[in-house]
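Each remark here refers to the structure printed beneath this line.
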Amino acid sequence: MSDLVWQRGDLLGVAELSTAEIIHILDTAESFVEVAARPIKKVPTLRGKTVINLFFEPSTRTSSSFEIAEKRLSADNINFGASSSSLSKGETLLDTARNLEAMAPDLVVIRHAHPRVPHALAARLAAGVINAGDGAHEHPTQALLDAFTIRRHKGRVDGLKVAIVGDVAHSRVVRSNVLCLTRLGANVTVAGPRTMMPEEPEALGATVAYSLDEATRGADVIMMLRVQLERQARASFPSEREYFDFFGLTAERLKGASDDVIIMHPGPMNRGIEIASEVADGPWSVILEQVANGVAVRMAVLYLLAGARSGEETL
Amino acid sequence: MTAALVIRGGRVVDPSQELDGPADLLIEDGAVTACGPGLRTPEGAEEVDASGQVVTPGLIDMHVHLREPGQEYKETIESGTLAAAAGGFVAVACMPNTEPVNDDPSVTEFILRQAERAGWARVYPISAVSRGLEGRELTEFGAQRRAGAVAVSDDGRPVWNAALMRQALRYARHFDLPVIQHAEELQLSGDGVMHEGAFSTRLGVEGIPGAADDVMVGRDLMLAADTGGRYHLAHMSTVRSLALVRSAKADGCRVTAEVSAHHLLLCDEDVFDSGLDPDFKMHPPLRSASDRDALVSGIADGSIDAIASDHAPHHPDEKELDFVAAPNGVVGLETTLSLCLDRLVGPGVIELARLVELLSVAPARILGIPGGSLAPGSPGDVTLIDLDREVAVDPAAFHSKSRNTPFAGWKLRGAPAGTIVGGRVIELP
Amino acid sequence: MAELTVKRTLFDARQMARMMRRMAAELVERAGGTDTLMLVGVRTRGVPLADFVAAEIVRTEGVELPVGILDITLYRDDLSTIAPQPVVKESVLPVPIEDRIVVLCDDVLYSGRTIRAAMDALMDYGRPKAIRLAVLIDRGHRELPIHADCIGETVQTTDTEVIKVSYAATDDGKEMVELLEREG
């Protein structure tokens, strides 16, 4: 366990986290994995704390994961979806912040389709803010749970070869993961069809490849990204069949990877498009562990941020 | 008629006469009647002491949005022209994307009436190219010209329809009107909100490729060559657009171009560093550092004719939205001159005389309006400049109704010291 | 930050070992044997006590009792007032606690709040037959109705004093109980 004294009150992006902070979150999460194994999977840690989950964009997985994490820590949580909320498009950030502030939350979890909205709200809120995904910018808890899952399997992240494959241009998972994994010493390669690559992809900080085989050769970890089917309409790929043909992960194509390769996917999967069922359900797959670890990592983040906030009040 | 006016003791910089030196200026009946050293003050004339100041032909901002009629909460003709005067401009040309659109002489007449009532600066309305800016039917260029419009443009939007653009360039020749184009291929800019490049990649923000501008500029230049019409490219932003304009000029096309101060001084890295501050959002977007550097070379070598602010006021509430949701545009009337003096003239990128060409002589020539010169017979429109005054950009102190500037807090050397419109000294409130 | 200065040594290594041996014997006796007994050290300073007692029972009874570690961080009642946030560590309970006599082991019994948290934590793992409390030092000043079943020594203290327990196993061979004074 690092000697780091946790002081951060918001988790907005991996970009702003130091390596020591990342490791501290992962180490803290180890302790929360054990809570899930207990007969009573609930601890009173955040009793009396209010957490608002503000999802301007629908997300069943991430919002459920946060919700379970909050409940297991005994926090009171309230969920606002984009439709059920008066906080919606066209409202100024200041008004959104004031409305939230009126409910006196301790923490606010925000998902928004536009980049840096959580950052902008954090600057206007006394409560701690957790970014649960801002556009194609960052998704820090996803990257942390991915790093956590890799570390549990491989015992380390340093020196591993990680391939991330799919719609790199529009993926917040890629951005946060490249930042997080490279900071922990992994060699990350991103790959996808050129129509799904951003301009100047090297700026992400990873090696860039344009074929699945090139990216996965010798890989210790392969992370497949979800293909957003609506992108087909924007000519990002001509057909599902052709995408699977060139960028779908099959058992056959795993032969070039390391013998003990693990396969990850942030979910939800499109079987037969980016990943074959034989791989998704195969011995390499750690996809369901990612889901379980997500709860532990989010508990760790909630615990650390809640503490940093209350610490401020007493100083 | 106003009383005669002598501006005494200044350094007159007038590139239209290749003049740069100490001289006095006499303005009678609203027009310059003499310019030279040691002028006698006629009986009853007022005097302005310009010692230590630069005296130039009145600066003209050929690309502003005054928002009136229709969006008076952002700006009015009164507040916008006051901002112009405060920024050292004696005249502005205002874009037609108001509500209603200026696609009818009644709107042009309304704007001119409001401008006259305000009295802070001259206003030259620009007519829409197409009715309702829809890109389908031409407006009445002739009637608009007669009412006082000096150019046609669908600015805020491109004239997307190539056939309509071709007809506009041909028809505008009857009235010697320039067609001012906001060059943007909408299919390419798509949902983009900043320049597509390394920084949009890092932010995961939808990008606007430079090609969105270039494709349209290329199309338009072919049409300009084809029709012989006068084409003016608004707010040039990329190195490729610059190359296209250079080459068209070399081929003898009647093409001119302007650039905004923000595209000369900022780039996409500044958007990144701002943390996606909506005050750094405009169209075209702040481009790459190499685009920015190319544009600076373009104003130095004469490929770009004019600097214009693209003053686009938005209410603070609109810029209190997040970057993607916020509207495009920044204000510029009260910052452009100081920015150019400090960042372009100060370090010697361009001479002061060249700046006066870019901000006065060229806009007058392109729009075919009086001004841009202090030669006898020219309108008595003068800008006084204090090259040594240090100012800090303070949006709260703007005369504009809006505050959306990416330059807040910048410390600049060189500032406007006053304007004179038709021999009348403009006193700011 | 308050400075701590050592006032005096209360018990040396020999005395401490004697205390812990006596506690081990007492625990076995009170439980009527070792059948259902289980030791759980409260992290951090209760863990070496549990280990010592377990080793002693191996020596005297020839029986190896299950020994657990309980981290009570998540059950503290002062999380919203202390800064920085304490580091959370894992709890390890090697066998189910159902129907066992669980002996919570800690170094010092003071306000009773740690033990309250430890009992809450333990209950979340199951329903033990009984929970007993063994502490090396009872220093008084209780804030909750909690008492120890097995005590090494009772020491009178003022509330500016601090008891520091060092174990040979975890503190570089140093084993003693010291009385410190908080200044500032």
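Lettering and numbering for the structure tokens are positional, with chains as A, B, ... in the shown order, residues counted from 1 in each chain, and ligands counted from 1 in the shown order.
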*asked:* Please identify all residues of chain A having at least one atom at most 12 Å from any atom of chain B, considering only C-alpha atoms, and return them as a ChimeraX atom specification.
replied: /A:13,15,88-97,112-121,123-124,133-139,167-176,178-179,196-206,234
For the interface of chain C with chain A (cut-off 12 Å, counting only C-alpha atoms), please tabulate each contacting residue of chain C alongside its nearest pair of atoms and their separation in Å to one decimal, rows sorted by chain and increasing number, as a Markdown table.
```
| residue | atom | partner | partner_atom | distance |
| --- | --- | --- | --- | --- |
| C:Leu70 | CA | A:Ser31 | CA | 11.4 |
| C:Asp71 | CA | A:Ser31 | CA | 9.3 |
| C:Ile72 | CA | A:Thr45 | CA | 9.9 |
| C:Thr73 | CA | A:Thr45 | CA | 8.0 |
| C:Leu74 | CA | A:Thr45 | CA | 4.7 |
| C:Tyr75 | CA | A:Thr45 | CA | 5.7 |
| C:Arg76 | CA | A:Thr45 | CA | 7.1 |
| C:Asp77 | CA | A:Thr45 | CA | 8.1 |
| C:Asp78 | CA | A:Thr45 | CA | 9.6 |
| C:Leu79 | CA | A:Gly307 | CA | 6.8 |
| C:Ser80 | CA | A:Ser310 | CA | 5.1 |
| C:Thr81 | CA | A:Ser310 | CA | 6.3 |
| C:Ile82 | CA | A:Gly311 | CA | 6.0 |
| C:Ala83 | CA | A:Gly311 | CA | 4.4 |
| C:Pro84 | CA | A:Gly311 | CA | 6.1 |
| C:Gln85 | CA | A:Gly307 | CA | 5.0 |
| C:Pro86 | CA | A:Gly307 | CA | 8.4 |
| C:Val87 | CA | A:Thr28 | CA | 7.2 |
| C:Val88 | CA | A:Thr28 | CA | 5.9 |
| C:Lys89 | CA | A:Ser31 | CA | 5.2 |
| C:Glu90 | CA | A:Ser31 | CA | 4.4 |
| C:Ser91 | CA | A:Glu34 | CA | 7.5 |
| C:Val92 | CA | A:Glu34 | CA | 8.5 |
| C:Leu93 | CA | A:Arg38 | CA | 10.3 |
| C:Pro96 | CA | A:Arg38 | CA | 10.2 |
| C:Ile97 | CA | A:Pro39 | CA | 11.3 |
| C:Glu98 | CA | A:Pro39 | CA | 11.4 |
| C:Ala117 | CA | A:Pro44 | CA | 9.7 |
| C:Ala118 | CA | A:Val43 | CA | 11.7 |
| C:Asp120 | CA | A:Val43 | CA | 9.1 |
| C:Ala121 | CA | A:Val43 | CA | 7.7 |
| C:Leu122 | CA | A:Ile40 | CA | 10.3 |
| C:Met123 | CA | A:Ile40 | CA | 8.7 |
| C:Asp124 | CA | A:Ile40 | CA | 5.1 |
| C:Tyr125 | CA | A:Arg38 | CA | 5.9 |
| C:Gly126 | CA | A:Pro39 | CA | 7.0 |
| C:Arg127 | CA | A:Pro39 | CA | 10.5 |
```
Filtering to N, CA and C atoms, could you give me those residues as a CSV table (one decimal), in the first residue's frame?
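Saved the output as out_18.csv:
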```csv
chain,number,residue,atom,x,y,z
C,70,LEU,N,-9.4,-8.3,11.4
C,70,LEU,CA,-10.6,-7.5,11.1
C,70,LEU,C,-10.2,-6.1,10.9
C,71,ASP,N,-10.5,-5.5,9.7
C,71,ASP,CA,-10.2,-4.1,9.5
C,71,ASP,C,-11.5,-3.4,9.7
C,72,ILE,N,-11.5,-2.4,10.7
C,72,ILE,CA,-12.8,-1.8,11.0
C,72,ILE,C,-13.0,-0.4,10.4
C,73,THR,N,-12.1,-0.1,9.5
C,73,THR,CA,-12.2,1.3,8.9
C,73,THR,C,-13.6,1.6,8.4
C,74,LEU,N,-14.2,0.7,7.6
C,74,LEU,CA,-15.5,1.0,7.0
C,74,LEU,C,-16.6,1.1,8.0
C,75,TYR,N,-16.3,0.8,9.3
C,75,TYR,CA,-17.4,0.8,10.3
C,75,TYR,C,-17.1,1.9,11.3
C,76,ARG,N,-16.1,2.7,11.1
C,76,ARG,CA,-15.8,3.8,12.0
C,76,ARG,C,-16.9,4.8,12.1
C,77,ASP,N,-17.1,5.4,13.2
C,77,ASP,CA,-18.2,6.4,13.3
C,77,ASP,C,-17.6,7.9,13.2
C,78,ASP,N,-16.3,8.0,12.9
C,78,ASP,CA,-15.7,9.3,12.8
C,78,ASP,C,-15.2,9.6,11.4
C,79,LEU,N,-15.7,8.8,10.4
C,79,LEU,CA,-15.1,9.0,9.1
C,79,LEU,C,-15.3,10.4,8.5
C,80,SER,N,-16.4,11.0,8.9
C,80,SER,CA,-16.7,12.4,8.4
C,80,SER,C,-16.0,13.5,9.1
C,81,THR,N,-15.3,13.1,10.2
C,81,THR,CA,-14.5,14.2,10.9
C,81,THR,C,-13.0,14.0,10.9
C,82,ILE,N,-12.5,12.9,10.4
C,82,ILE,CA,-11.1,12.7,10.4
C,82,ILE,C,-10.5,12.9,9.0
C,83,ALA,N,-9.4,13.6,9.0
C,83,ALA,CA,-8.7,13.7,7.7
C,83,ALA,C,-7.2,13.5,8.0
C,84,PRO,N,-6.5,12.9,7.1
C,84,PRO,CA,-7.0,12.3,5.9
C,84,PRO,C,-7.7,11.0,6.1
C,85,GLN,N,-8.4,10.6,5.0
C,85,GLN,CA,-9.2,9.3,5.1
C,85,GLN,C,-8.2,8.2,5.4
C,86,PRO,N,-8.6,7.4,6.4
C,86,PRO,CA,-7.7,6.2,6.7
C,86,PRO,C,-7.7,5.2,5.6
C,87,VAL,N,-6.6,4.5,5.5
C,87,VAL,CA,-6.4,3.6,4.4
C,87,VAL,C,-7.2,2.3,4.7
C,88,VAL,N,-8.0,1.8,3.8
C,88,VAL,CA,-8.8,0.6,4.0
C,88,VAL,C,-8.0,-0.6,3.7
C,89,LYS,N,-8.0,-1.6,4.6
C,89,LYS,CA,-7.3,-2.8,4.3
C,89,LYS,C,-8.3,-4.0,4.4
C,90,GLU,N,-7.9,-5.1,3.9
C,90,GLU,CA,-8.8,-6.3,3.9
C,90,GLU,C,-9.0,-6.9,5.3
C,91,SER,N,-10.2,-7.4,5.4
C,91,SER,CA,-10.4,-8.3,6.6
C,91,SER,C,-10.2,-9.7,6.1
C,92,VAL,N,-9.7,-10.6,7.0
C,92,VAL,CA,-9.5,-12.0,6.6
C,92,VAL,C,-10.0,-12.8,7.7
C,93,LEU,N,-11.1,-13.6,7.4
C,93,LEU,CA,-11.7,-14.5,8.4
C,93,LEU,C,-11.5,-15.9,7.8
C,96,PRO,N,-15.8,-19.7,8.7
C,96,PRO,CA,-17.1,-19.0,9.0
C,96,PRO,C,-17.2,-18.8,10.5
C,97,ILE,N,-17.8,-17.7,10.9
C,97,ILE,CA,-17.8,-17.4,12.4
C,97,ILE,C,-19.1,-18.0,13.0
C,98,GLU,N,-20.0,-18.6,12.2
C,98,GLU,CA,-21.2,-19.1,12.7
C,98,GLU,C,-20.9,-20.1,13.9
C,117,ALA,N,-17.3,-0.8,16.5
C,117,ALA,CA,-17.2,-1.0,15.1
C,117,ALA,C,-16.8,-2.4,14.8
C,118,ALA,N,-15.9,-3.0,15.6
C,118,ALA,CA,-15.5,-4.3,15.3
C,118,ALA,C,-16.7,-5.3,15.4
C,120,ASP,N,-19.9,-4.6,15.0
C,120,ASP,CA,-20.7,-4.4,13.8
C,120,ASP,C,-20.2,-5.1,12.6
C,121,ALA,N,-18.9,-5.0,12.4
C,121,ALA,CA,-18.2,-5.6,11.3
C,121,ALA,C,-18.4,-7.1,11.4
C,122,LEU,N,-18.1,-7.7,12.5
C,122,LEU,CA,-18.2,-9.1,12.7
C,122,LEU,C,-19.6,-9.7,12.4
C,123,MET,N,-20.6,-8.9,12.8
C,123,MET,CA,-22.0,-9.4,12.6
C,123,MET,C,-22.3,-9.5,11.1
C,124,ASP,N,-21.6,-8.7,10.3
C,124,ASP,CA,-21.9,-8.7,8.9
C,124,ASP,C,-21.4,-10.0,8.3
C,125,TYR,N,-20.5,-10.7,9.0
C,125,TYR,CA,-20.0,-12.0,8.5
C,125,TYR,C,-20.8,-13.2,8.9
C,126,GLY,N,-21.7,-13.0,9.8
C,126,GLY,CA,-22.5,-14.1,10.3
C,126,GLY,C,-22.9,-14.0,11.7
C,127,ARG,N,-23.4,-15.1,12.3
C,127,ARG,CA,-23.9,-15.0,13.7
C,127,ARG,C,-23.0,-15.9,14.6
```
*asked:* I want to know what sits within 8 Å of C:Glu178, based on only C-alpha atoms, with residues of the same chain fewer than 2 positions away left out; could you give that as a PyMOL selection string?
replied: chain C and resi 6-11+163-165+176+180
For N, CA and C atoms, I'd like the residues from the last selection saved as an mmCIF file, in the first residue's frame.
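Just written: selection_8.cif:
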```cif
data_model
loop_
_atom_site.group_PDB
_atom_site.id
_atom_site.type_symbol
_atom_site.label_atom_id
_atom_site.label_comp_id
_atom_site.auth_asym_id
_atom_site.auth_seq_id
_atom_site.Cartn_x
_atom_site.Cartn_y
_atom_site.Cartn_z
ATOM 1 N N VAL C 6 7.641 10.356 25.632
ATOM 2 C CA VAL C 6 7.557 9.170 26.497
ATOM 3 C C VAL C 6 7.669 9.613 27.957
ATOM 4 N N LYS C 7 6.702 9.243 28.796
ATOM 5 C CA LYS C 7 6.789 9.548 30.233
ATOM 6 C C LYS C 7 7.514 8.420 30.964
ATOM 7 N N ARG C 8 7.042 7.199 30.733
ATOM 8 C CA ARG C 8 7.771 6.073 31.335
ATOM 9 C C ARG C 8 7.326 4.755 30.711
ATOM 10 N N THR C 9 8.143 3.733 30.925
ATOM 11 C CA THR C 9 7.786 2.393 30.487
ATOM 12 C C THR C 9 6.913 1.765 31.559
ATOM 13 N N LEU C 10 5.739 1.269 31.171
ATOM 14 C CA LEU C 10 4.828 0.664 32.153
ATOM 15 C C LEU C 10 5.159 -0.808 32.375
ATOM 16 N N PHE C 11 5.393 -1.518 31.242
ATOM 17 C CA PHE C 11 5.706 -2.955 31.344
ATOM 18 C C PHE C 11 6.810 -3.260 30.352
ATOM 19 N N ILE C 163 -1.290 5.399 25.431
ATOM 20 C CA ILE C 163 -0.608 4.133 25.702
ATOM 21 C C ILE C 163 -0.046 3.603 24.399
ATOM 22 N N LYS C 164 1.238 3.275 24.398
ATOM 23 C CA LYS C 164 1.829 2.723 23.182
ATOM 24 C C LYS C 164 2.331 1.312 23.453
ATOM 25 N N VAL C 165 1.814 0.354 22.639
ATOM 26 C CA VAL C 165 2.223 -1.049 22.804
ATOM 27 C C VAL C 165 3.121 -1.437 21.638
ATOM 28 N N MET C 176 7.252 -3.804 24.609
ATOM 29 C CA MET C 176 7.030 -3.061 25.860
ATOM 30 C C MET C 176 5.712 -2.288 25.775
ATOM 31 N N LEU C 180 2.788 7.638 27.183
ATOM 32 C CA LEU C 180 3.240 8.852 26.509
ATOM 33 C C LEU C 180 2.342 10.008 26.896
#
```
*Can you list every residue in chain C that DSSP puts in strand (DSSP E or B), as a count of residues only?*
57
